[in-house]
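Report on the following structure.
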Amino acid sequence: MNIICSTCIRSYFLRIALFLFVFSGTVNAQQTYSVENYSRIMWNHLEMLSELGPRYVGTKGYGKTLQLIRHVGAEFADKVVEHPFVVKQHDGRQRQMVNIEFIFHGEKEDQPVLLGTHFDTRPYADQESDPTLQNHPITGSNDGGSGTSVLLGLAQYLKEYPVSQPIRIMFFDGEDFGQSGTGEMFLGSKHHANFLRQNFQRTWPLAVIIVDMVGDKDLEIFKETNSLASGPKVLDRIYNVARRINIFQFNEKSKYTIQDDHLPFARLGIPSVVLIDFDYPYWHKLSDTLNKCSPKSLSAVFSVLVRVLSEW
Ligand SMILES: [Zn+2]
């Protein structure tokens with residue numbers, strides 16, 4: 001015969017609570033992902049993009065890059081939205097460009113966090129010292145390739161390990177398009193910021209995180225000064241996570257002031273930051289190729305982003 005006293009009941013409920021606590025810990029533990037797996041996935045994307053060569057509008061590689069992004073979106077995103085736009089160039093030519101948006105609904109009723117990168121590559125190697133090389137297009141393994149690969153990998157992660165925060169992943173066209181002095185840069189992000197401006201503010205992203213040039217073998221990401229002005233709390237989230245999970249590639253000091261796809265959103269008043277390693281001697285040169293990049297660098301940024309998003 002069992003004697004049920006109030007102390008026994010209390011201890012029973014305590015044991016249940018403990019069991020549930022341990023069990024939920026087990027569930028969380030099962031959520032741990034294999035970073036090696038995603039590292040391989042992202043590196044495969046980067047290899048493929050690099051093999052395509054130049055990937056700006058009008059090139060064969062551009063069409064193939066769009067195909068890859070669309071394929072990954074169809075497989076892993078809750079919804080894919082394309083934002084086509086026409087660019088009128090300074091010489092009167094018109095170009096048809098497109099931003100691609102992956103939507104992950106999440107569970108929370110909240111505004112989304114937007115992660116973005118440019119998928120186009122620079123048509124001019126204008127940092128080459130030899131003037132005869134300056135009109136050649138770059139491969140852009142790091143500049144154009146690395147951010148795209150990380151966010152394609154992230155899309156797969158978000159399908160396999162959903163987070164509760166609504167997320168948008170944007171692949172911007174035309175970031176690196178125009179010849180210097182034409183102002184024909186950041187075309188996709190400017191277009192998207194205009195698109196947001198025409199929509200209700202309650203649908204805007206809470207924050208914008210741009211990744212660009214994050215594949216460099218000796219990756220070191222300093223706090224960028226425009227980002228510090230626009231989204232200091234977003235940077236805090238990112239760097240606190242990096243410190244906690246020992247991702248040494250994030251350096252808390254600030255170093256460069258960079259114009260990138262975060263600025264059109266920062267001008268709308270949305271906290272917006274760029275993660276970029278600008279200490280890259282191959283920037284806008286023909287030598288920006290796969291052998292300057294490392295899967296370890298891609299996974300360092302990936303690991304920080306997935307933790308930031310799952311804790312949002
Ligand atoms: Zn560039």
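Residues are named by chain letter and number: chains run A, B, ... in the order of the structure tokens, numbers start at 1 in each chain, and ligands are numbered from 1 in the order shown.
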Closest pair table for chain A residues within 8 Å of ligand 1, only C-alpha atoms and all ligand atoms, as JSON lines:
```
{"residue": "A:Thr121", "atom": "CA", "partner": "ligand 1", "partner_atom_place_in_ligand_line": "1 (Zn)", "distance": 6.9}
{"residue": "A:Arg122", "atom": "CA", "partner": "ligand 1", "partner_atom_place_in_ligand_line": "1 (Zn)", "distance": 6.0}
{"residue": "A:Gly140", "atom": "CA", "partner": "ligand 1", "partner_atom_place_in_ligand_line": "1 (Zn)", "distance": 7.8}
{"residue": "A:Asp143", "atom": "CA", "partner": "ligand 1", "partner_atom_place_in_ligand_line": "1 (Zn)", "distance": 5.3}
{"residue": "A:Gly144", "atom": "CA", "partner": "ligand 1", "partner_atom_place_in_ligand_line": "1 (Zn)", "distance": 7.1}
{"residue": "A:Glu175", "atom": "CA", "partner": "ligand 1", "partner_atom_place_in_ligand_line": "1 (Zn)", "distance": 7.4}
{"residue": "A:Asp176", "atom": "CA", "partner": "ligand 1", "partner_atom_place_in_ligand_line": "1 (Zn)", "distance": 5.1}
{"residue": "A:Trp283", "atom": "CA", "partner": "ligand 1", "partner_atom_place_in_ligand_line": "1 (Zn)", "distance": 6.9}
{"residue": "A:His284", "atom": "CA", "partner": "ligand 1", "partner_atom_place_in_ligand_line": "1 (Zn)", "distance": 6.1}
```
Please, which residues in region 82-153 of chain A fall within 10 Å of region 214-222 of chain A when counting only C-alpha atoms, and what is the closest atom pair and distance in Å to one decimal for each, ordered by chain then residue number, as CSV?
```
residue,atom,partner,partner_atom,distance
A:Ser141,CA,A:Gly215,CA,8.0
A:Asn142,CA,A:Gly215,CA,5.4
A:Asp143,CA,A:Val214,CA,8.2
A:Gly144,CA,A:Val214,CA,9.6
A:Gly145,CA,A:Gly215,CA,8.3
A:Ser146,CA,A:Gly215,CA,5.1
A:Gly147,CA,A:Val214,CA,6.4
A:Thr148,CA,A:Val214,CA,9.9
A:Ser149,CA,A:Gly215,CA,9.2
A:Val150,CA,A:Val214,CA,8.6
```
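You can rank A:Val113, A:Ile138, A:His118, A:Leu228 by their closest distance to Leu52 (chain A) using only C-alpha atoms, and at the top of that list sits A:Ile138.
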Could you pull the residues within 9 Å of Tyr124 (chain A), counting only C-alpha atoms, minus those fewer than 3 positions along the same chain, as a PDB file with all heavy atoms, in the first residue's frame?
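Output (selection_22.pdb):
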```pdb
ATOM      1  N   THR A 121      29.283  40.225 -58.928  1.00  0.00           N
ATOM      2  CA  THR A 121      30.732  40.445 -58.799  1.00  0.00           C
ATOM      3  C   THR A 121      31.134  41.674 -59.612  1.00  0.00           C
ATOM      4  O   THR A 121      30.413  42.091 -60.520  1.00  0.00           O
ATOM      5  CB  THR A 121      31.525  39.227 -59.310  1.00  0.00           C
ATOM      6  OG1 THR A 121      31.115  38.943 -60.653  1.00  0.00           O
ATOM      7  CG2 THR A 121      31.294  38.017 -58.432  1.00  0.00           C
ATOM      8  N   GLN A 127      41.376  47.721 -59.046  1.00  0.00           N
ATOM      9  CA  GLN A 127      42.474  47.878 -58.087  1.00  0.00           C
ATOM     10  C   GLN A 127      43.778  47.272 -58.592  1.00  0.00           C
ATOM     11  O   GLN A 127      44.793  47.295 -57.886  1.00  0.00           O
ATOM     12  CB  GLN A 127      42.088  47.237 -56.744  1.00  0.00           C
ATOM     13  CG  GLN A 127      40.934  47.941 -56.032  1.00  0.00           C
ATOM     14  CD  GLN A 127      41.243  49.382 -55.678  1.00  0.00           C
ATOM     15  OE1 GLN A 127      42.305  49.672 -55.127  1.00  0.00           O
ATOM     16  NE2 GLN A 127      40.346  50.300 -56.015  1.00  0.00           N
ATOM     17  N   LEU A 133      44.814  45.635 -67.174  1.00  0.00           N
ATOM     18  CA  LEU A 133      43.995  44.606 -66.491  1.00  0.00           C
ATOM     19  C   LEU A 133      42.741  45.194 -65.842  1.00  0.00           C
ATOM     20  O   LEU A 133      41.832  44.467 -65.453  1.00  0.00           O
ATOM     21  CB  LEU A 133      44.828  43.902 -65.414  1.00  0.00           C
ATOM     22  CG  LEU A 133      46.067  43.146 -65.891  1.00  0.00           C
ATOM     23  CD1 LEU A 133      46.822  42.566 -64.705  1.00  0.00           C
ATOM     24  CD2 LEU A 133      45.680  42.034 -66.872  1.00  0.00           C
ATOM     25  N   GLN A 134      42.701  46.516 -65.755  1.00  0.00           N
ATOM     26  CA  GLN A 134      41.648  47.138 -64.932  1.00  0.00           C
ATOM     27  C   GLN A 134      40.240  47.017 -65.499  1.00  0.00           C
ATOM     28  O   GLN A 134      39.277  47.246 -64.784  1.00  0.00           O
ATOM     29  CB  GLN A 134      41.998  48.612 -64.680  1.00  0.00           C
ATOM     30  CG  GLN A 134      43.179  48.757 -63.729  1.00  0.00           C
ATOM     31  CD  GLN A 134      43.697  50.181 -63.638  1.00  0.00           C
ATOM     32  OE1 GLN A 134      43.190  51.084 -64.292  1.00  0.00           O
ATOM     33  NE2 GLN A 134      44.734  50.369 -62.835  1.00  0.00           N
ATOM     34  N   ASN A 135      40.140  46.700 -66.788  1.00  0.00           N
ATOM     35  CA  ASN A 135      38.807  46.526 -67.376  1.00  0.00           C
ATOM     36  C   ASN A 135      38.352  45.072 -67.433  1.00  0.00           C
ATOM     37  O   ASN A 135      37.304  44.778 -67.996  1.00  0.00           O
ATOM     38  CB  ASN A 135      38.754  47.139 -68.779  1.00  0.00           C
ATOM     39  CG  ASN A 135      38.300  48.593 -68.706  1.00  0.00           C
ATOM     40  OD1 ASN A 135      37.578  48.964 -67.786  1.00  0.00           O
ATOM     41  ND2 ASN A 135      38.745  49.415 -69.648  1.00  0.00           N
ATOM     42  N   HIS A 136      39.171  44.188 -66.850  1.00  0.00           N
ATOM     43  CA  HIS A 136      38.787  42.771 -66.830  1.00  0.00           C
ATOM     44  C   HIS A 136      37.878  42.502 -65.625  1.00  0.00           C
ATOM     45  O   HIS A 136      38.082  43.072 -64.560  1.00  0.00           O
ATOM     46  CB  HIS A 136      40.030  41.885 -66.727  1.00  0.00           C
ATOM     47  CG  HIS A 136      40.845  41.866 -67.978  1.00  0.00           C
ATOM     48  ND1 HIS A 136      40.852  40.805 -68.842  1.00  0.00           N
ATOM     49  CD2 HIS A 136      41.666  42.803 -68.515  1.00  0.00           C
ATOM     50  CE1 HIS A 136      41.651  41.077 -69.856  1.00  0.00           C
ATOM     51  NE2 HIS A 136      42.164  42.283 -69.685  1.00  0.00           N
ATOM     52  N   PRO A 137      36.902  41.604 -65.783  1.00  0.00           N
ATOM     53  CA  PRO A 137      36.025  41.288 -64.641  1.00  0.00           C
ATOM     54  C   PRO A 137      36.702  40.342 -63.640  1.00  0.00           C
ATOM     55  O   PRO A 137      37.521  39.514 -64.039  1.00  0.00           O
ATOM     56  CB  PRO A 137      34.826  40.596 -65.306  1.00  0.00           C
ATOM     57  CG  PRO A 137      35.358  40.019 -66.580  1.00  0.00           C
ATOM     58  CD  PRO A 137      36.515  40.866 -67.012  1.00  0.00           C
ATOM     59  N   ILE A 138      36.350  40.476 -62.373  1.00  0.00           N
ATOM     60  CA  ILE A 138      36.965  39.618 -61.341  1.00  0.00           C
ATOM     61  C   ILE A 138      36.113  38.360 -61.098  1.00  0.00           C
ATOM     62  O   ILE A 138      34.929  38.322 -61.421  1.00  0.00           O
ATOM     63  CB  ILE A 138      37.174  40.371 -60.012  1.00  0.00           C
ATOM     64  CG1 ILE A 138      35.828  40.727 -59.333  1.00  0.00           C
ATOM     65  CG2 ILE A 138      37.988  41.645 -60.226  1.00  0.00           C
ATOM     66  CD1 ILE A 138      35.978  41.134 -57.880  1.00  0.00           C
ATOM     67  N   PHE A 177      28.482  47.122 -59.202  1.00  0.00           N
ATOM     68  CA  PHE A 177      28.292  47.165 -60.644  1.00  0.00           C
ATOM     69  C   PHE A 177      29.030  48.296 -61.356  1.00  0.00           C
ATOM     70  O   PHE A 177      29.757  48.077 -62.326  1.00  0.00           O
ATOM     71  CB  PHE A 177      26.785  47.252 -60.938  1.00  0.00           C
ATOM     72  CG  PHE A 177      26.474  47.168 -62.393  1.00  0.00           C
ATOM     73  CD1 PHE A 177      26.719  45.990 -63.104  1.00  0.00           C
ATOM     74  CD2 PHE A 177      25.965  48.257 -63.081  1.00  0.00           C
ATOM     75  CE1 PHE A 177      26.445  45.908 -64.458  1.00  0.00           C
ATOM     76  CE2 PHE A 177      25.678  48.170 -64.438  1.00  0.00           C
ATOM     77  CZ  PHE A 177      25.922  47.005 -65.122  1.00  0.00           C
ATOM     78  N   GLY A 178      28.844  49.524 -60.894  1.00  0.00           N
ATOM     79  CA  GLY A 178      29.264  50.682 -61.702  1.00  0.00           C
ATOM     80  C   GLY A 178      30.749  50.978 -61.671  1.00  0.00           C
ATOM     81  O   GLY A 178      31.462  50.609 -60.733  1.00  0.00           O
ATOM     82  N   GLN A 179      31.202  51.661 -62.732  1.00  0.00           N
ATOM     83  CA  GLN A 179      32.580  52.148 -62.717  1.00  0.00           C
ATOM     84  C   GLN A 179      32.675  53.248 -61.668  1.00  0.00           C
ATOM     85  O   GLN A 179      31.697  53.954 -61.419  1.00  0.00           O
ATOM     86  CB  GLN A 179      32.953  52.689 -64.095  1.00  0.00           C
ATOM     87  CG  GLN A 179      33.578  51.601 -64.945  1.00  0.00           C
ATOM     88  CD  GLN A 179      33.815  52.002 -66.381  1.00  0.00           C
ATOM     89  OE1 GLN A 179      32.958  52.645 -66.989  1.00  0.00           O
ATOM     90  NE2 GLN A 179      34.927  51.606 -66.919  1.00  0.00           N
ATOM     91  N   HIS A 284      38.979  43.656 -55.431  1.00  0.00           N
ATOM     92  CA  HIS A 284      38.783  44.211 -56.791  1.00  0.00           C
ATOM     93  C   HIS A 284      39.988  43.956 -57.686  1.00  0.00           C
ATOM     94  O   HIS A 284      40.365  44.805 -58.500  1.00  0.00           O
ATOM     95  CB  HIS A 284      38.401  45.700 -56.744  1.00  0.00           C
ATOM     96  CG  HIS A 284      37.025  45.918 -56.182  1.00  0.00           C
ATOM     97  ND1 HIS A 284      36.411  47.143 -56.120  1.00  0.00           N
ATOM     98  CD2 HIS A 284      36.120  45.032 -55.661  1.00  0.00           C
ATOM     99  CE1 HIS A 284      35.199  46.999 -55.587  1.00  0.00           C
ATOM    100  NE2 HIS A 284      35.015  45.732 -55.293  1.00  0.00           N
ATOM    101  N   LYS A 285      40.587  42.776 -57.502  1.00  0.00           N
ATOM    102  CA  LYS A 285      41.682  42.332 -58.368  1.00  0.00           C
ATOM    103  C   LYS A 285      41.330  40.974 -58.959  1.00  0.00           C
ATOM    104  O   LYS A 285      40.490  40.249 -58.413  1.00  0.00           O
ATOM    105  CB  LYS A 285      42.992  42.209 -57.573  1.00  0.00           C
ATOM    106  CG  LYS A 285      43.549  43.554 -57.131  1.00  0.00           C
ATOM    107  CD  LYS A 285      44.871  43.358 -56.412  1.00  0.00           C
ATOM    108  CE  LYS A 285      45.432  44.698 -55.937  1.00  0.00           C
ATOM    109  NZ  LYS A 285      46.587  44.523 -55.056  1.00  0.00           N
ATOM    110  N   LEU A 286      42.034  40.620 -60.029  1.00  0.00           N
ATOM    111  CA  LEU A 286      41.803  39.320 -60.672  1.00  0.00           C
ATOM    112  C   LEU A 286      42.180  38.175 -59.733  1.00  0.00           C
ATOM    113  O   LEU A 286      41.745  37.039 -59.925  1.00  0.00           O
ATOM    114  CB  LEU A 286      42.600  39.235 -61.972  1.00  0.00           C
ATOM    115  CG  LEU A 286      42.233  40.328 -62.999  1.00  0.00           C
ATOM    116  CD1 LEU A 286      43.125  40.244 -64.225  1.00  0.00           C
ATOM    117  CD2 LEU A 286      40.768  40.201 -63.421  1.00  0.00           C
TER     118      LEU A 286
END
```
For this session: Within 7 Å of region 59-74 of chain A, counting only C-alpha atoms, which residues show up once you throw out same-chain ones fewer than 5 positions away? Write them as an MDAnalysis selection string, please.
Result: chainID A and resid 49 52:54 80 102 152
Problem set entry | strand (DSSP E or B) call set, DSSP backbone run, region 60-160 of chain A, as JSON, numbers by chain | {"A": [79, 80, 81, 82, 83, 84, 85, 86, 87, 88, 94, 95, 96, 97, 98, 99, 100, 101, 102, 103, 104, 113, 114, 115, 116, 117, 118]}
Same residues, N, CA, C and O atoms, output as a compact mmCIF listing (two decimals), in the first residue's frame:
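As written to disk, part.txt reads:
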```
# COMPACT_ATOMS: atom_id res chain seq x y z
N LYS A 79 9.12 30.66 -48.36
CA LYS A 79 8.59 31.36 -49.52
C LYS A 79 9.74 32.14 -50.17
O LYS A 79 10.65 32.59 -49.47
N VAL A 80 9.71 32.26 -51.48
CA VAL A 80 10.73 33.04 -52.19
C VAL A 80 10.02 34.15 -52.95
O VAL A 80 9.02 33.90 -53.63
N VAL A 81 10.52 35.37 -52.78
CA VAL A 81 9.95 36.51 -53.52
C VAL A 81 11.05 37.14 -54.36
O VAL A 81 12.14 37.40 -53.85
N GLU A 82 10.75 37.37 -55.63
CA GLU A 82 11.74 38.04 -56.50
C GLU A 82 11.33 39.50 -56.65
O GLU A 82 10.15 39.82 -56.82
N HIS A 83 12.31 40.38 -56.59
CA HIS A 83 12.08 41.81 -56.74
C HIS A 83 12.86 42.32 -57.95
O HIS A 83 14.01 42.77 -57.81
N PRO A 84 12.27 42.23 -59.16
CA PRO A 84 12.98 42.73 -60.34
C PRO A 84 12.96 44.27 -60.39
O PRO A 84 12.03 44.88 -59.87
N PHE A 85 14.00 44.85 -60.95
CA PHE A 85 14.03 46.31 -61.11
C PHE A 85 14.92 46.66 -62.31
O PHE A 85 15.78 45.87 -62.71
N VAL A 86 14.67 47.84 -62.86
CA VAL A 86 15.43 48.29 -64.03
C VAL A 86 16.36 49.41 -63.59
O VAL A 86 15.96 50.31 -62.86
N VAL A 87 17.61 49.31 -64.02
CA VAL A 87 18.59 50.35 -63.71
C VAL A 87 18.90 51.13 -64.97
O VAL A 87 19.19 50.54 -66.02
N LYS A 88 18.79 52.44 -64.88
CA LYS A 88 19.19 53.29 -66.01
C LYS A 88 20.61 53.75 -65.75
O LYS A 88 20.87 54.45 -64.78
N GLN A 94 19.92 50.56 -70.28
CA GLN A 94 19.06 50.05 -69.21
C GLN A 94 19.43 48.61 -68.89
O GLN A 94 19.74 47.84 -69.79
N ARG A 95 19.40 48.28 -67.63
CA ARG A 95 19.72 46.93 -67.19
C ARG A 95 18.60 46.39 -66.33
O ARG A 95 18.12 47.07 -65.43
N GLN A 96 18.25 45.14 -66.60
CA GLN A 96 17.25 44.47 -65.77
C GLN A 96 17.98 43.71 -64.67
O GLN A 96 18.83 42.85 -64.95
N MET A 97 17.71 44.04 -63.44
CA MET A 97 18.35 43.34 -62.31
C MET A 97 17.27 42.73 -61.42
O MET A 97 16.08 42.98 -61.60
N VAL A 98 17.70 41.95 -60.43
CA VAL A 98 16.73 41.31 -59.54
C VAL A 98 17.34 41.03 -58.16
O VAL A 98 18.50 40.63 -58.06
N ASN A 99 16.57 41.33 -57.13
CA ASN A 99 16.91 40.88 -55.78
C ASN A 99 16.07 39.64 -55.49
O ASN A 99 14.90 39.58 -55.89
N ILE A 100 16.66 38.70 -54.79
CA ILE A 100 15.88 37.51 -54.40
C ILE A 100 15.79 37.45 -52.87
O ILE A 100 16.81 37.58 -52.18
N GLU A 101 14.55 37.28 -52.41
CA GLU A 101 14.28 37.27 -50.96
C GLU A 101 13.78 35.90 -50.53
O GLU A 101 12.84 35.38 -51.13
N PHE A 102 14.41 35.33 -49.52
CA PHE A 102 13.93 34.10 -48.90
C PHE A 102 13.18 34.50 -47.62
O PHE A 102 13.72 35.24 -46.80
N ILE A 103 11.99 33.95 -47.46
CA ILE A 103 11.21 34.26 -46.27
C ILE A 103 11.11 33.02 -45.37
O ILE A 103 10.80 31.93 -45.86
N PHE A 104 11.43 33.22 -44.10
CA PHE A 104 11.23 32.18 -43.08
C PHE A 104 10.27 32.77 -42.05
O PHE A 104 10.61 33.77 -41.41
N VAL A 113 14.14 39.79 -38.87
CA VAL A 113 15.55 40.20 -38.95
C VAL A 113 15.99 39.90 -40.38
O VAL A 113 15.70 38.83 -40.91
N LEU A 114 16.63 40.88 -41.00
CA LEU A 114 17.04 40.70 -42.41
C LEU A 114 18.54 40.47 -42.49
O LEU A 114 19.33 41.25 -41.95
N LEU A 115 18.91 39.36 -43.16
CA LEU A 115 20.33 39.13 -43.46
C LEU A 115 20.50 39.31 -44.96
O LEU A 115 19.68 38.81 -45.74
N GLY A 116 21.54 40.01 -45.36
CA GLY A 116 21.69 40.27 -46.79
C GLY A 116 23.14 40.16 -47.25
O GLY A 116 24.08 40.25 -46.45
N THR A 117 23.27 39.95 -48.55
CA THR A 117 24.59 39.93 -49.16
C THR A 117 24.42 40.28 -50.63
O THR A 117 23.31 40.18 -51.16
N HIS A 118 25.49 40.68 -51.28
CA HIS A 118 25.36 40.86 -52.74
C HIS A 118 25.87 39.61 -53.42
O HIS A 118 26.83 38.98 -52.97
```
Seminar exercise, completed: If you count only C-alpha atoms, the residue of A:His45, A:Lys190, A:Lys292, A:Arg307 closest to Leu151 (chain A) turns out to be A:His45
I'd like a table as a Markdown table: residues in region 198-222 of chain A with an atom no more than 6 Å from region 259-277 of chain A, each row giving the shortest atom pair and its distance in Å to one decimal, only C-alpha atoms counted, sorted by chain and rising residue number.
```
| residue | atom | partner | partner_atom | distance |
| --- | --- | --- | --- | --- |
| A:Ala207 | CA | A:Pro271 | CA | 5.0 |
| A:Val208 | CA | A:Ser272 | CA | 4.5 |
| A:Ile209 | CA | A:Val273 | CA | 5.1 |
| A:Ile210 | CA | A:Val274 | CA | 4.5 |
| A:Val211 | CA | A:Leu275 | CA | 4.9 |
| A:Asp212 | CA | A:Ile276 | CA | 5.2 |
| A:Met213 | CA | A:Ile276 | CA | 5.4 |
| A:Val214 | CA | A:Ile276 | CA | 5.8 |
| A:Glu220 | CA | A:Asp277 | CA | 5.7 |
| A:Ile221 | CA | A:Asp277 | CA | 4.9 |
```
What would the file look like if the residues just selected were written as a PDB file, in the first residue's frame with N, CA, C and O atoms?
```pdb
ATOM      1  N   ALA A 207      16.180  44.734 -37.803  1.00  0.00           N
ATOM      2  CA  ALA A 207      17.623  44.936 -37.938  1.00  0.00           C
ATOM      3  C   ALA A 207      18.066  44.355 -39.275  1.00  0.00           C
ATOM      4  O   ALA A 207      17.417  43.448 -39.813  1.00  0.00           O
ATOM      5  N   VAL A 208      19.144  44.912 -39.803  1.00  0.00           N
ATOM      6  CA  VAL A 208      19.725  44.415 -41.058  1.00  0.00           C
ATOM      7  C   VAL A 208      21.182  44.038 -40.786  1.00  0.00           C
ATOM      8  O   VAL A 208      21.942  44.841 -40.224  1.00  0.00           O
ATOM      9  N   ILE A 209      21.518  42.802 -41.167  1.00  0.00           N
ATOM     10  CA  ILE A 209      22.907  42.341 -41.016  1.00  0.00           C
ATOM     11  C   ILE A 209      23.407  41.943 -42.402  1.00  0.00           C
ATOM     12  O   ILE A 209      22.891  40.996 -43.008  1.00  0.00           O
ATOM     13  N   ILE A 210      24.381  42.688 -42.923  1.00  0.00           N
ATOM     14  CA  ILE A 210      24.955  42.396 -44.238  1.00  0.00           C
ATOM     15  C   ILE A 210      26.255  41.615 -44.031  1.00  0.00           C
ATOM     16  O   ILE A 210      27.053  41.946 -43.142  1.00  0.00           O
ATOM     17  N   VAL A 211      26.456  40.580 -44.838  1.00  0.00           N
ATOM     18  CA  VAL A 211      27.757  39.897 -44.829  1.00  0.00           C
ATOM     19  C   VAL A 211      28.392  40.051 -46.205  1.00  0.00           C
ATOM     20  O   VAL A 211      27.742  39.874 -47.220  1.00  0.00           O
ATOM     21  N   ASP A 212      29.670  40.419 -46.207  1.00  0.00           N
ATOM     22  CA  ASP A 212      30.381  40.688 -47.453  1.00  0.00           C
ATOM     23  C   ASP A 212      31.871  40.479 -47.183  1.00  0.00           C
ATOM     24  O   ASP A 212      32.379  40.955 -46.170  1.00  0.00           O
ATOM     25  N   MET A 213      32.539  39.781 -48.074  1.00  0.00           N
ATOM     26  CA  MET A 213      33.972  39.510 -47.927  1.00  0.00           C
ATOM     27  C   MET A 213      34.282  38.861 -46.565  1.00  0.00           C
ATOM     28  O   MET A 213      35.031  39.397 -45.753  1.00  0.00           O
ATOM     29  N   VAL A 214      33.669  37.695 -46.366  1.00  0.00           N
ATOM     30  CA  VAL A 214      33.861  36.977 -45.099  1.00  0.00           C
ATOM     31  C   VAL A 214      34.542  35.609 -45.300  1.00  0.00           C
ATOM     32  O   VAL A 214      34.499  34.759 -44.419  1.00  0.00           O
ATOM     33  N   GLU A 220      39.494  38.418 -40.197  1.00  0.00           N
ATOM     34  CA  GLU A 220      39.431  39.219 -38.974  1.00  0.00           C
ATOM     35  C   GLU A 220      38.397  40.313 -39.211  1.00  0.00           C
ATOM     36  O   GLU A 220      38.602  41.208 -40.047  1.00  0.00           O
ATOM     37  N   ILE A 221      37.288  40.217 -38.499  1.00  0.00           N
ATOM     38  CA  ILE A 221      36.172  41.141 -38.721  1.00  0.00           C
ATOM     39  C   ILE A 221      36.152  42.170 -37.601  1.00  0.00           C
ATOM     40  O   ILE A 221      35.830  41.863 -36.451  1.00  0.00           O
TER      41      ILE A 221
END
```
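Distances from A:Tyr157, A:Phe195, A:Trp204, A:Tyr56 to Ile41 (chain A) were compared using only C-alpha atoms, and the smallest one belongs to A:Tyr157.
Minimum atom-to-atom distances from A:Tyr256, A:Gly153, A:Asp279, A:Ile238 to Val35 (chain A) were compared using only C-alpha atoms, and the lowest value belongs to A:Gly153.
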Problem set entry | Nearest residue to Leu298 (chain A) from the set A:Ser39, A:Thr139, A:Asn240, A:Thr32 (distances using only C-alpha atoms) | A:Ser39
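Atom to atom, CA of Ser34 (chain A) and CA of Arg243 (chain A) stand 19.9 Å apart.
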